[in-house]
Amino acid sequence: MKTEKEKMISGEYYNAFDPELVKGRRTAKNLLHSLNVKEYRVTKKAKEILKELIPNTGAGFYIEPPFHCDYGYNIFCGENVYFNVNCVVLDCAPVNIGSNVFIAPNVQIYTASHPLDAELRKSLENAYPVTIGDDCWIGGNSVICPGVTIGKGCVIGAGSVVTKDIPDNSLAVGNPAKVIRKLNQEPESKS
């Protein structure tokens with residue numbers, strides 16, 4: 001029989017008030033308090049806190065506080081990943097971020113979801129993984145919704161709400177975000 005944590009990570013309905021999950025969120029919140037309040041600047045101690053909070057990162061991982069997440073252990077990053085100020089990652093399911101990814105201020109990445117049925121929603125939650133490929137730039141105030149995959153080499157325009165997968169090398173903008181052109185193509189002339 002699966003634990004509630006195993007159900008959560010695999011996208012099944014789970015009880016968020018399971019003691020193991022409550023403890024995981026409490027641990028993350030304590031580390032975030034140390035990062036966001038006590039340190040606030042990127043110091044040697046802040047880097048130690050981040051390594052404990054988000055252990056699955058490559059070299060050159062950098063977060064500019066404040067930062068918020070649910071667990072931390074479900075965030076997986078390649079090399080040279082940069083989060084600017086005030087980002088939120090609800091990492092109930094895995095968040096896989098490639099290498100050389102720049103995430104602007106106030107970006108929100110959500111894996112957490114809830115049943116549409118009101119009765120079921122009173123006691124259960126679910127989550128779907130988010131993937132961001134290598135060499136992406138996520139513009140400020142963007143929201144990436146549960147279950148979305150953003151391909152490699154993409155740019156997501158500021159303020160976009162990404163509700164569907166974005167193919168490799170695409171510029172996507174808007175609410176909901178739509179691909180407006182491939183990045184390996186020249187824009188059409190306005191003559």
# chains A, B, ... in the order shown; residues from 1 in each chain; ligands from 1
$ residues_around --residues "range 111-113 of chain A" --least-positions-apart "2" --cutoff "9 Å" --atoms "only C-alpha atoms" --output "list of chain:residue names"
A:Val89, A:Leu90, A:Asp91, A:Cys92, A:Ala93, A:Pro94, A:Val95, A:Ile109, A:Pro115, A:Glu125, A:Asn126, A:Ala127, A:Tyr128, A:Pro129, A:Val130, A:Ile144, A:Cys145, A:Pro146, A:Gly147, A:Val148
$ closest_residue --among "A:Ile54, A:Ser160, A:Glu39, A:Val173" --to "Asn74 in chain A" --atoms "only C-alpha atoms"
A:Ile54
$ residues_around --residues "range 22-36 of chain A" --least-positions-apart "5" --cutoff "12 Å" --atoms "only C-alpha atoms" --output "ChimeraX atom specification"
/A:4-5,15-17,41-55,63-74,85-92
$ select_by_dssp --residues "range 38-142 of chain A" --states "strand (DSSP E)" --output "count of residues only"
35
$ closest_residue --among "A:Ile132, A:Leu183, A:Leu124, A:Ile138" --to "Asp165 in chain A" --atoms "only C-alpha atoms"
A:Ile132
$ atom_distance --atom1 "CA of Val37 in chain A" --atom2 "CA of Leu21 in chain A"
23.5 Å
$ residues_around --residues "Ile97 in chain A" --least-positions-apart "4" --cutoff "7 Å" --atoms "only C-alpha atoms" --output "mmCIF file with N, CA and C atoms, in the first residue's frame"
data_model
loop_
_atom_site.group_PDB
_atom_site.id
_atom_site.type_symbol
_atom_site.label_atom_id
_atom_site.label_comp_id
_atom_site.auth_asym_id
_atom_site.auth_seq_id
_atom_site.Cartn_x
_atom_site.Cartn_y
_atom_site.Cartn_z
ATOM 1 N N PHE A 76 14.014 19.679 -8.656
ATOM 2 C CA PHE A 76 15.225 19.111 -9.254
ATOM 3 C C PHE A 76 15.735 20.086 -10.306
ATOM 4 N N CYS A 77 16.972 20.556 -10.170
ATOM 5 C CA CYS A 77 17.514 21.570 -11.072
ATOM 6 C C CYS A 77 18.845 21.132 -11.656
ATOM 7 N N GLY A 78 19.053 21.468 -12.918
ATOM 8 C CA GLY A 78 20.344 21.269 -13.546
ATOM 9 C C GLY A 78 21.316 22.343 -13.086
ATOM 10 N N THR A 131 7.715 20.439 -15.810
ATOM 11 C CA THR A 131 9.055 20.312 -16.376
ATOM 12 C C THR A 131 9.385 21.566 -17.174
ATOM 13 N N ILE A 132 10.572 22.101 -16.951
ATOM 14 C CA ILE A 132 11.093 23.247 -17.711
ATOM 15 C C ILE A 132 12.417 22.799 -18.305
ATOM 16 N N GLY A 133 12.545 22.854 -19.628
ATOM 17 C CA GLY A 133 13.746 22.368 -20.305
ATOM 18 C C GLY A 133 14.946 23.288 -20.136
#
$ select_by_dssp --residues "range 22-186 of chain A" --states "helix (DSSP H, G or I)" --output "JSON, numbers by chain"
{"A": [22, 23, 24, 25, 26, 27, 28, 29, 30, 31, 32, 33, 34, 35, 36, 37, 38, 39, 44, 45, 46, 47, 48, 49, 50, 51, 52, 53, 118, 119, 120, 121]}
$ write_last_selection --atoms "C-alpha atoms" --output "compact mmCIF listing (two decimals), in the first residue's frame"
# COMPACT_ATOMS: atom_id res chain seq x y z
CA VAL A 22 2.90 17.89 7.65
CA LYS A 23 6.39 17.27 9.04
CA GLY A 24 7.93 17.79 5.57
CA ARG A 25 6.16 21.12 5.12
CA ARG A 26 7.13 22.22 8.64
CA THR A 27 10.78 21.38 7.95
CA ALA A 28 10.66 23.38 4.72
CA LYS A 29 8.97 26.35 6.43
CA ASN A 30 11.62 26.40 9.16
CA LEU A 31 14.39 26.43 6.54
CA LEU A 32 12.56 29.10 4.53
CA HIS A 33 12.23 31.24 7.64
CA SER A 34 15.99 31.00 8.16
CA LEU A 35 16.62 31.86 4.51
CA ASN A 36 14.02 34.61 4.09
CA VAL A 37 14.19 36.29 7.49
CA LYS A 38 17.44 35.51 9.25
CA GLU A 39 19.79 35.48 6.25
CA LYS A 44 27.58 31.10 3.01
CA LYS A 45 24.91 30.20 5.58
CA ALA A 46 22.12 30.90 3.06
CA LYS A 47 23.79 28.53 0.59
CA GLU A 48 23.92 25.83 3.29
CA ILE A 49 20.20 26.36 4.00
CA LEU A 50 19.39 26.07 0.29
CA LYS A 51 21.39 22.86 -0.03
CA GLU A 52 19.40 21.35 2.82
CA LEU A 53 16.06 22.70 1.53
CA ALA A 118 -16.50 19.92 -3.70
CA GLU A 119 -16.96 16.95 -1.33
CA LEU A 120 -13.75 15.26 -2.45
CA ARG A 121 -11.89 18.58 -2.23
$ atom_distance --atom1 "CA of Gly174 in chain A" --atom2 "CA of Gly11 in chain A"
27.2 Å
$ residues_around --residues "Gly140 in chain A" --least-positions-apart "2" --cutoff "8 Å" --atoms "only C-alpha atoms" --output "ChimeraX atom specification"
/A:103-107,138,142,157-159
$ atom_distance --atom1 "CA of Asn96 in chain A" --atom2 "CA of Phe83 in chain A"
13.9 Å
$ residues_around --residues "Asn100 in chain A" --least-positions-apart "6" --cutoff "8 Å" --atoms "only C-alpha atoms" --output "list in words"
Gly78, Glu79, Asn80, Val81, Tyr82, Asp134, Asp135 and Cys136 of chain A
$ write_last_selection --atoms "all heavy atoms" --output "tab-separated table (two decimals), in the first residue's frame"
chain	number	residue	atom	x	y	z
A	78	GLY	N	19.05	21.47	-12.92
A	78	GLY	CA	20.34	21.27	-13.55
A	78	GLY	C	21.32	22.34	-13.09
A	78	GLY	O	21.13	22.97	-12.03
A	79	GLU	N	22.32	22.61	-13.91
A	79	GLU	CA	23.32	23.62	-13.56
A	79	GLU	C	22.86	25.01	-13.97
A	79	GLU	O	22.10	25.17	-14.92
A	79	GLU	CB	24.64	23.28	-14.25
A	79	GLU	CG	25.23	21.97	-13.76
A	79	GLU	CD	26.57	21.65	-14.38
A	79	GLU	OE1	27.05	22.40	-15.26
A	79	GLU	OE2	27.15	20.63	-13.97
A	80	ASN	N	23.35	26.00	-13.23
A	80	ASN	CA	23.13	27.41	-13.55
A	80	ASN	C	21.65	27.77	-13.62
A	80	ASN	O	21.16	28.32	-14.60
A	80	ASN	CB	23.83	27.79	-14.86
A	80	ASN	CG	25.30	27.50	-14.80
A	80	ASN	OD1	25.96	27.79	-13.81
A	80	ASN	ND2	25.81	26.86	-15.84
A	81	VAL	N	20.93	27.46	-12.55
A	81	VAL	CA	19.52	27.83	-12.43
A	81	VAL	C	19.43	29.01	-11.48
A	81	VAL	O	19.99	28.98	-10.38
A	81	VAL	CB	18.67	26.65	-11.93
A	81	VAL	CG1	17.25	27.09	-11.63
A	81	VAL	CG2	18.69	25.53	-12.97
A	82	TYR	N	18.73	30.05	-11.91
A	82	TYR	CA	18.62	31.29	-11.15
A	82	TYR	C	17.16	31.63	-10.90
A	82	TYR	O	16.37	31.72	-11.85
A	82	TYR	CB	19.28	32.43	-11.92
A	82	TYR	CG	19.13	33.78	-11.28
A	82	TYR	CD1	19.96	34.18	-10.24
A	82	TYR	CD2	18.15	34.67	-11.71
A	82	TYR	CE1	19.83	35.42	-9.65
A	82	TYR	CE2	18.01	35.92	-11.13
A	82	TYR	CZ	18.85	36.29	-10.09
A	82	TYR	OH	18.70	37.51	-9.51
A	134	ASP	N	16.07	22.86	-20.67
A	134	ASP	CA	17.31	23.64	-20.65
A	134	ASP	C	17.13	24.97	-21.37
A	134	ASP	O	16.34	25.08	-22.31
A	134	ASP	CB	18.44	22.88	-21.35
A	134	ASP	CG	18.87	21.62	-20.63
A	134	ASP	OD1	18.61	21.48	-19.43
A	134	ASP	OD2	19.50	20.76	-21.30
A	135	ASP	N	17.92	25.96	-20.96
A	135	ASP	CA	18.06	27.23	-21.68
A	135	ASP	C	16.76	28.01	-21.81
A	135	ASP	O	16.52	28.67	-22.83
A	135	ASP	CB	18.68	26.99	-23.06
A	135	ASP	CG	20.02	26.28	-22.98
A	135	ASP	OD1	20.89	26.75	-22.20
A	135	ASP	OD2	20.19	25.25	-23.65
A	136	CYS	N	15.93	27.98	-20.78
A	136	CYS	CA	14.67	28.74	-20.80
A	136	CYS	C	14.79	30.01	-19.97
A	136	CYS	O	15.59	30.11	-19.06
A	136	CYS	CB	13.54	27.88	-20.25
A	136	CYS	SG	13.02	26.56	-21.34
